[in-house]
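Novice: Below: one structure in structure tokens.
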Amino acid sequence: MPLIVLTGFPCSGKTQRAKQLEQYLLKRLQDEGRTMRIHIINDDTLHIRKDAYRGFRYQLYCIARAISTPHCVVHCGTPASIAKEWNKARDTDEKYDDTVLDELVTRYEEPDARNRWDAPLFTVIYDDATVPGDQIWDAVILRKPPPPNMSTISKPVSSTNYVYELDRVTDEIIKAVVKGQQEYGQGGGPMVMPGATTRVINPPRMVTLSELRRLRKQFVSINKMRTTLDTSRLAELFVDYLNTNLEQ
């Protein structure tokens, strides 16, 4: 099932664009006699607080690639000043607290088409009449999905062994990153990791243990149910995950 990720500031028009895109796709599917269904997933359907913040674009890209389905990103390009005006016009129970909104805007990571997890990227400006439906259709319906990379190739293992290996491998790599920064300092050369051919970048800042534990927790949470994942590729996958987050 193709995946379309809508992203933007809070109150940037994501819900409106999702509805526009849904209407376009429903008509196009009907016109072409296709039987695909459309599911809109958002904070309400997932029962997530509106002040909860997590960036999932990279994780969603990994999942889409693992199951060989096309994906694209639609960015609602609304300036923060306009998003704040739209927030003030909302009903009280739908409105963000001003402080919370400022924090979410500050922490938001704008998509970049140069990142493989943000491509193909379509930016919709706040005063655009509608979404680029034809281009999005081509990206997720007509485009051939990329093949899964080596880290997502399936190999059956027992669930108990898989969870054990997931914990062990990620813990060893976290310890190796801490030791590497202690030995080489901030901004030194890439650090060799146990069980991986790819090295972890050494950013020009101190990577705290709490940050590494947070990234490890996110990675484990994403992958703990994927018991068909080849355990020999866990180290490579975690290193890639760390590099993606540490270089931001």
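Identifiers in the structure tokens: chain A, B, ... in order shown; residue index from 1 per chain; ligand index from 1 in order shown.
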Which residues, written as a PDB file with all heavy atoms, in the first residue's frame, have at least one atom at most 12 Å from Lys27 in chain A, with only C-alpha atoms counted and residues fewer than 6 positions away on the same chain left out?

Specialist:
```
ATOM      1  N   GLN A  20      -8.062  17.287   0.667  1.00  0.00           N
ATOM      2  CA  GLN A  20      -7.976  17.582  -0.760  1.00  0.00           C
ATOM      3  C   GLN A  20      -7.365  16.410  -1.516  1.00  0.00           C
ATOM      4  O   GLN A  20      -7.844  16.019  -2.594  1.00  0.00           O
ATOM      5  CB  GLN A  20      -7.137  18.845  -0.996  1.00  0.00           C
ATOM      6  CG  GLN A  20      -7.797  20.137  -0.546  1.00  0.00           C
ATOM      7  CD  GLN A  20      -6.894  21.338  -0.759  1.00  0.00           C
ATOM      8  OE1 GLN A  20      -5.666  21.207  -0.854  1.00  0.00           O
ATOM      9  NE2 GLN A  20      -7.496  22.517  -0.847  1.00  0.00           N
ATOM     10  N   LEU A  21      -6.305  15.858  -0.937  1.00  0.00           N
ATOM     11  CA  LEU A  21      -5.626  14.733  -1.579  1.00  0.00           C
ATOM     12  C   LEU A  21      -6.522  13.502  -1.608  1.00  0.00           C
ATOM     13  O   LEU A  21      -6.564  12.767  -2.603  1.00  0.00           O
ATOM     14  CB  LEU A  21      -4.324  14.432  -0.837  1.00  0.00           C
ATOM     15  CG  LEU A  21      -3.386  13.397  -1.449  1.00  0.00           C
ATOM     16  CD1 LEU A  21      -3.066  13.743  -2.895  1.00  0.00           C
ATOM     17  CD2 LEU A  21      -2.110  13.303  -0.635  1.00  0.00           C
ATOM     18  N   GLY A  33     -10.795   2.771 -12.482  1.00  0.00           N
ATOM     19  CA  GLY A  33     -11.292   1.441 -12.124  1.00  0.00           C
ATOM     20  C   GLY A  33     -10.404   0.678 -11.168  1.00  0.00           C
ATOM     21  O   GLY A  33     -10.395  -0.561 -11.169  1.00  0.00           O
ATOM     22  N   ARG A  34      -9.673   1.378 -10.325  1.00  0.00           N
ATOM     23  CA  ARG A  34      -8.816   0.717  -9.335  1.00  0.00           C
ATOM     24  C   ARG A  34      -9.586   0.535  -8.028  1.00  0.00           C
ATOM     25  O   ARG A  34     -10.463   1.342  -7.702  1.00  0.00           O
ATOM     26  CB  ARG A  34      -7.536   1.519  -9.094  1.00  0.00           C
ATOM     27  CG  ARG A  34      -6.623   1.603 -10.327  1.00  0.00           C
ATOM     28  CD  ARG A  34      -5.439   2.514 -10.040  1.00  0.00           C
ATOM     29  NE  ARG A  34      -4.542   2.647 -11.173  1.00  0.00           N
ATOM     30  CZ  ARG A  34      -3.374   2.025 -11.291  1.00  0.00           C
ATOM     31  NH1 ARG A  34      -2.976   1.199 -10.323  1.00  0.00           N
ATOM     32  NH2 ARG A  34      -2.607   2.210 -12.345  1.00  0.00           N
ATOM     33  N   THR A  35      -9.238  -0.478  -7.268  1.00  0.00           N
ATOM     34  CA  THR A  35      -9.994  -0.814  -6.059  1.00  0.00           C
ATOM     35  C   THR A  35      -9.233  -0.503  -4.766  1.00  0.00           C
ATOM     36  O   THR A  35      -9.586  -0.996  -3.711  1.00  0.00           O
ATOM     37  CB  THR A  35     -10.369  -2.303  -6.061  1.00  0.00           C
ATOM     38  OG1 THR A  35      -9.166  -3.097  -6.159  1.00  0.00           O
ATOM     39  CG2 THR A  35     -11.289  -2.632  -7.222  1.00  0.00           C
ATOM     40  N   MET A  36      -8.209   0.307  -4.835  1.00  0.00           N
ATOM     41  CA  MET A  36      -7.440   0.640  -3.635  1.00  0.00           C
ATOM     42  C   MET A  36      -8.270   1.497  -2.680  1.00  0.00           C
ATOM     43  O   MET A  36      -9.104   2.304  -3.106  1.00  0.00           O
ATOM     44  CB  MET A  36      -6.161   1.386  -4.023  1.00  0.00           C
ATOM     45  CG  MET A  36      -5.248   0.599  -4.941  1.00  0.00           C
ATOM     46  SD  MET A  36      -3.877   1.597  -5.580  1.00  0.00           S
ATOM     47  CE  MET A  36      -2.935   1.831  -4.083  1.00  0.00           C
ATOM     48  N   ARG A  37      -8.038   1.301  -1.372  1.00  0.00           N
ATOM     49  CA  ARG A  37      -8.711   2.092  -0.354  1.00  0.00           C
ATOM     50  C   ARG A  37      -7.749   3.128   0.229  1.00  0.00           C
ATOM     51  O   ARG A  37      -6.529   2.951   0.191  1.00  0.00           O
ATOM     52  CB  ARG A  37      -9.258   1.199   0.755  1.00  0.00           C
ATOM     53  CG  ARG A  37     -10.373   0.271   0.294  1.00  0.00           C
ATOM     54  CD  ARG A  37     -11.063  -0.380   1.482  1.00  0.00           C
ATOM     55  NE  ARG A  37     -10.131  -1.212   2.243  1.00  0.00           N
ATOM     56  CZ  ARG A  37     -10.442  -1.788   3.407  1.00  0.00           C
ATOM     57  NH1 ARG A  37     -11.635  -1.587   3.942  1.00  0.00           N
ATOM     58  NH2 ARG A  37      -9.562  -2.552   4.026  1.00  0.00           N
ATOM     59  N   ILE A  38      -8.304   4.194   0.793  1.00  0.00           N
ATOM     60  CA  ILE A  38      -7.503   5.277   1.358  1.00  0.00           C
ATOM     61  C   ILE A  38      -7.739   5.337   2.857  1.00  0.00           C
ATOM     62  O   ILE A  38      -8.881   5.354   3.318  1.00  0.00           O
ATOM     63  CB  ILE A  38      -7.863   6.631   0.709  1.00  0.00           C
ATOM     64  CG1 ILE A  38      -7.557   6.587  -0.793  1.00  0.00           C
ATOM     65  CG2 ILE A  38      -7.097   7.772   1.377  1.00  0.00           C
ATOM     66  CD1 ILE A  38      -8.041   7.808  -1.535  1.00  0.00           C
ATOM     67  N   GLY A 133      -1.966  16.912  -7.323  1.00  0.00           N
ATOM     68  CA  GLY A 133      -2.458  15.539  -7.352  1.00  0.00           C
ATOM     69  C   GLY A 133      -1.831  14.666  -8.403  1.00  0.00           C
ATOM     70  O   GLY A 133      -1.467  13.509  -8.132  1.00  0.00           O
ATOM     71  N   ASP A 134      -1.682  15.192  -9.624  1.00  0.00           N
ATOM     72  CA  ASP A 134      -1.133  14.381 -10.711  1.00  0.00           C
ATOM     73  C   ASP A 134       0.296  13.931 -10.405  1.00  0.00           C
ATOM     74  O   ASP A 134       0.663  12.771 -10.654  1.00  0.00           O
ATOM     75  CB  ASP A 134      -1.148  15.166 -12.031  1.00  0.00           C
ATOM     76  CG  ASP A 134      -2.565  15.388 -12.553  1.00  0.00           C
ATOM     77  OD1 ASP A 134      -3.481  14.699 -12.074  1.00  0.00           O
ATOM     78  OD2 ASP A 134      -2.743  16.250 -13.439  1.00  0.00           O
ATOM     79  N   TRP A 137       0.243  11.307  -7.639  1.00  0.00           N
ATOM     80  CA  TRP A 137      -0.231  10.043  -8.218  1.00  0.00           C
ATOM     81  C   TRP A 137       0.905   9.316  -8.925  1.00  0.00           C
ATOM     82  O   TRP A 137       1.107   8.109  -8.736  1.00  0.00           O
ATOM     83  CB  TRP A 137      -1.378  10.316  -9.180  1.00  0.00           C
ATOM     84  CG  TRP A 137      -1.874   9.125  -9.942  1.00  0.00           C
ATOM     85  CD1 TRP A 137      -1.386   8.631 -11.128  1.00  0.00           C
ATOM     86  CD2 TRP A 137      -2.950   8.251  -9.575  1.00  0.00           C
ATOM     87  NE1 TRP A 137      -2.089   7.523 -11.529  1.00  0.00           N
ATOM     88  CE2 TRP A 137      -3.060   7.270 -10.594  1.00  0.00           C
ATOM     89  CE3 TRP A 137      -3.835   8.214  -8.503  1.00  0.00           C
ATOM     90  CZ2 TRP A 137      -4.014   6.258 -10.558  1.00  0.00           C
ATOM     91  CZ3 TRP A 137      -4.790   7.204  -8.467  1.00  0.00           C
ATOM     92  CH2 TRP A 137      -4.880   6.247  -9.484  1.00  0.00           C
TER      93      TRP A 137
END
```

Novice: Might you pull out every residue within 12 Å of Asp97 in chain A, with only C-alpha atoms counted and same-chain residues fewer than 5 positions away left off, and present them as a list in words?

Specialist: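 So, after excluding close chain neighbours, the residues are Pro10, Cys11, Lys50, Asp51, Lys84, Asn87, Lys88, Arg90, Thr92, Asp102, Glu103 and Leu104 of chain A.
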
Novice: Write out, as a short mmCIF file (atom, residue, chain, number, x, y, z; two decimals), in the first residue's frame, the residues just selected, with C-alpha atoms.

Specialist:
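To be explicit, this is the file written out as part.cif:
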```cif
data_model
loop_
_atom_site.label_atom_id
_atom_site.label_comp_id
_atom_site.auth_asym_id
_atom_site.auth_seq_id
_atom_site.Cartn_x
_atom_site.Cartn_y
_atom_site.Cartn_z
CA PRO A 10 1.15 22.62 13.73
CA CYS A 11 -1.81 24.51 12.22
CA LYS A 50 -1.38 17.32 20.13
CA ASP A 51 1.58 18.54 22.19
CA LYS A 84 0.05 31.04 14.64
CA ASN A 87 -4.13 28.61 15.61
CA LYS A 88 -5.76 31.68 17.19
CA ARG A 90 -9.35 27.64 16.13
CA THR A 92 -10.68 26.63 22.22
CA ASP A 102 6.45 28.01 19.77
CA GLU A 103 8.35 24.98 21.07
CA LEU A 104 6.95 22.67 18.38
#
```

Novice: Could you tell me how far CA of Thr106 in chain A lies from CA of Arg65 in chain A, in Å and to one decimal?

Specialist: 29.3 Å

Novice: In Å, rounded to a single decimal, give me how far CA of Gly187 in chain A is from CA of Asp171 in chain A.

Specialist: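 Those two atoms sit 22.2 Å apart.
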
Novice: In Å to one decimal, how far is CA of His71 in chain A from CA of Asn115 in chain A?

Specialist: 13.3 Å

Novice: Among range 5-226 of chain A, which ones does DSSP place in alpha helix (DSSP H), written as a PyMOL selection string?

Specialist: chain A and resi 14-31+43-46+57-66+80-88+98-107+133-137+159-184+209-223

Novice: Using DSSP on the backbone coordinates, identify the residues of range 10-246 of chain A assigned to strand (DSSP E); present them as a list in words.

Specialist: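 Going through range 10-246 of chain A, the strand (DSSP E) residues come out as His71, Cys72, Val73, Val74, His75, Cys76, Gly77, Leu121, Phe122, Thr123, Val124 and Ile125 of chain A.
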
Novice: Which residues are near Leu209 in chain A? Cut-off 12 Å, only C-alpha atoms, ignore same chain within fewer than 3 positions. Put them as an NGL selection string.

Specialist: :A and (171 or 173-179 or 181-182 or 206 or 212-216)

Novice: Save the residues we just selected, N, CA and C atoms, as a CSV table (one decimal), in the first residue's frame?

Specialist:
```
chain,number,residue,atom,x,y,z
A,171,ASP,N,23.1,-2.2,22.5
A,171,ASP,CA,23.9,-1.8,23.7
A,171,ASP,C,25.4,-1.7,23.5
A,173,ILE,N,26.9,-1.1,20.7
A,173,ILE,CA,27.2,0.0,19.8
A,173,ILE,C,27.1,1.3,20.6
A,174,ILE,N,26.2,1.4,21.5
A,174,ILE,CA,26.1,2.6,22.3
A,174,ILE,C,27.3,2.8,23.2
A,175,LYS,N,27.8,1.7,23.7
A,175,LYS,CA,29.0,1.7,24.6
A,175,LYS,C,30.2,2.1,23.7
A,176,ALA,N,30.3,1.6,22.4
A,176,ALA,CA,31.4,1.9,21.5
A,176,ALA,C,31.4,3.3,21.1
A,177,VAL,N,30.2,4.0,21.0
A,177,VAL,CA,30.2,5.4,20.6
A,177,VAL,C,30.7,6.2,21.8
A,178,VAL,N,30.3,5.9,23.0
A,178,VAL,CA,30.8,6.7,24.2
A,178,VAL,C,32.3,6.5,24.3
A,179,LYS,N,32.8,5.3,24.1
A,179,LYS,CA,34.2,5.1,24.2
A,179,LYS,C,35.0,5.8,23.1
A,181,GLN,N,34.1,8.6,21.5
A,181,GLN,CA,34.2,10.0,21.7
A,181,GLN,C,35.2,10.4,22.8
A,182,GLN,N,35.3,9.5,23.8
A,182,GLN,CA,36.3,9.7,24.9
A,182,GLN,C,37.7,9.6,24.4
A,206,MET,N,29.6,17.0,21.9
A,206,MET,CA,29.6,15.8,22.7
A,206,MET,C,28.2,15.2,22.6
A,212,LEU,N,22.0,9.1,23.4
A,212,LEU,CA,22.2,7.8,22.8
A,212,LEU,C,21.2,6.8,23.3
A,213,ARG,N,20.9,6.8,24.5
A,213,ARG,CA,19.9,5.9,25.1
A,213,ARG,C,18.5,6.2,24.5
A,214,ARG,N,18.2,7.5,24.3
A,214,ARG,CA,16.9,7.8,23.7
A,214,ARG,C,16.8,7.3,22.3
A,215,LEU,N,17.9,7.4,21.5
A,215,LEU,CA,17.9,6.9,20.1
A,215,LEU,C,17.8,5.4,20.1
A,216,ARG,N,18.5,4.8,21.0
A,216,ARG,CA,18.4,3.3,21.1
A,216,ARG,C,17.0,2.9,21.5
```

Novice: May I have the residues within 8 Å of Gly189 in chain A as a PyMOL selection string, using only C-alpha atoms and disregarding those fewer than 2 positions away in the same chain?

Specialist: chain A and resi 184+187+191+201-202

Novice: Would you save the residues from that selection as a CSV table (one decimal), in the first residue's frame, using N, CA and C atoms?

Specialist:
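Output saved as selection09.csv:
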```csv
chain,number,residue,atom,x,y,z
A,184,TYR,N,38.8,9.8,20.9
A,184,TYR,CA,39.1,10.7,19.8
A,184,TYR,C,38.6,12.1,19.9
A,187,GLY,N,34.2,15.5,17.0
A,187,GLY,CA,34.6,15.9,15.7
A,187,GLY,C,35.8,15.1,15.1
A,191,MET,N,33.8,6.4,13.8
A,191,MET,CA,34.2,5.4,14.8
A,191,MET,C,33.7,4.0,14.4
A,201,ILE,N,29.5,8.4,12.5
A,201,ILE,CA,30.1,9.7,12.4
A,201,ILE,C,30.4,10.2,13.8
A,202,ASN,N,31.4,11.1,13.9
A,202,ASN,CA,31.8,11.7,15.1
A,202,ASN,C,31.5,13.2,15.0
```

Novice: Residues near Leu166 in chain A, anyone? I mean within 9 Å using only C-alpha atoms, not counting same-chain ones fewer than 4 positions away, as a PDB file with C-alpha atoms, in the first residue's frame.

Specialist:
```pdb
ATOM      1  CA  ASN A 161      16.582 -14.799  20.247  1.00  0.00           C
ATOM      2  CA  TYR A 162      15.705 -11.781  18.112  1.00  0.00           C
ATOM      3  CA  THR A 170      22.382  -1.877  20.227  1.00  0.00           C
ATOM      4  CA  ASP A 171      23.852  -1.791  23.744  1.00  0.00           C
ATOM      5  CA  VAL A 220      14.321  -0.868  19.597  1.00  0.00           C
ATOM      6  CA  ASN A 223      12.127  -2.920  15.376  1.00  0.00           C
ATOM      7  CA  LYS A 224      11.231  -5.153  18.337  1.00  0.00           C
ATOM      8  CA  THR A 231      19.841 -10.442  13.077  1.00  0.00           C
ATOM      9  CA  LEU A 234      20.988  -5.332  13.120  1.00  0.00           C
ATOM     10  CA  ALA A 235      24.306  -3.575  13.710  1.00  0.00           C
TER      11      ALA A 235
END
```

Novice: Check the smallest atom-to-atom distance from each of A:Ile125, A:Val163, A:Asp31, A:Leu237 to Ala66 in chain A using only C-alpha atoms, then report the winner.

Specialist: A:Leu237

Novice: Show me, as a PDB file with N, CA, C and O atoms, in the first residue's frame, the residues that have an atom within 7 Å of Val73 in chain A when counting only C-alpha atoms, minus same-chain residues fewer than 5 positions from it.

Specialist:
```pdb
ATOM      1  N   ILE A   4       1.818   8.148   1.794  1.00  0.00           N
ATOM      2  CA  ILE A   4       1.993   9.584   1.598  1.00  0.00           C
ATOM      3  C   ILE A   4       2.104  10.219   2.974  1.00  0.00           C
ATOM      4  O   ILE A   4       1.188  10.110   3.791  1.00  0.00           O
ATOM      5  N   VAL A   5       3.220  10.873   3.240  1.00  0.00           N
ATOM      6  CA  VAL A   5       3.457  11.506   4.535  1.00  0.00           C
ATOM      7  C   VAL A   5       3.259  13.009   4.394  1.00  0.00           C
ATOM      8  O   VAL A   5       3.928  13.653   3.586  1.00  0.00           O
ATOM      9  N   LEU A   6       2.319  13.568   5.156  1.00  0.00           N
ATOM     10  CA  LEU A   6       2.111  15.008   5.183  1.00  0.00           C
ATOM     11  C   LEU A   6       2.823  15.584   6.393  1.00  0.00           C
ATOM     12  O   LEU A   6       2.680  15.069   7.511  1.00  0.00           O
ATOM     13  N   ASP A 118      13.033  11.822   2.507  1.00  0.00           N
ATOM     14  CA  ASP A 118      12.127  12.931   2.206  1.00  0.00           C
ATOM     15  C   ASP A 118      11.831  13.049   0.714  1.00  0.00           C
ATOM     16  O   ASP A 118      11.256  14.052   0.274  1.00  0.00           O
ATOM     17  N   ALA A 119      12.233  12.080  -0.061  1.00  0.00           N
ATOM     18  CA  ALA A 119      12.052  12.149  -1.509  1.00  0.00           C
ATOM     19  C   ALA A 119      11.196  10.982  -1.991  1.00  0.00           C
ATOM     20  O   ALA A 119      11.290   9.876  -1.456  1.00  0.00           O
ATOM     21  N   PRO A 120      10.345  11.246  -3.023  1.00  0.00           N
ATOM     22  CA  PRO A 120      10.087  12.540  -3.650  1.00  0.00           C
ATOM     23  C   PRO A 120       9.348  13.490  -2.706  1.00  0.00           C
ATOM     24  O   PRO A 120       8.537  13.064  -1.905  1.00  0.00           O
ATOM     25  N   LEU A 121       9.659  14.792  -2.835  1.00  0.00           N
ATOM     26  CA  LEU A 121       9.100  15.807  -1.950  1.00  0.00           C
ATOM     27  C   LEU A 121       8.268  16.801  -2.754  1.00  0.00           C
ATOM     28  O   LEU A 121       8.705  17.303  -3.787  1.00  0.00           O
ATOM     29  N   PHE A 122       7.060  17.076  -2.258  1.00  0.00           N
ATOM     30  CA  PHE A 122       6.170  18.058  -2.875  1.00  0.00           C
ATOM     31  C   PHE A 122       5.818  19.107  -1.822  1.00  0.00           C
ATOM     32  O   PHE A 122       5.297  18.764  -0.762  1.00  0.00           O
TER      33      PHE A 122
END
```

Novice: Let me make sure I understand: among A:Ile136, A:Val131, A:Ile41, A:Val100, which one has the smallest atom-to-atom distance to Cys76 in chain A if we use only C-alpha atoms?

Specialist: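 Closest to Cys76 in chain A of all the choices is A:Val131.
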
Novice: For Thr78 in chain A, work out the shell of residues within 10 Å, counting only C-alpha atoms and skipping chain neighbours fewer than 5 positions away, then give it as a list in words.

Specialist: Gly8, Phe9, Pro10, Cys11, Ser12, Gly13, Lys14, Ala83, Lys84, Thr123, Val124, Ile125, Tyr126 and Asp127 of chain A

Novice: When you count only C-alpha atoms, which of these residues is closest to Pro147 in chain A: A:Ala64, A:Leu26, A:Glu165, A:Ile40?

Specialist: A:Ala64
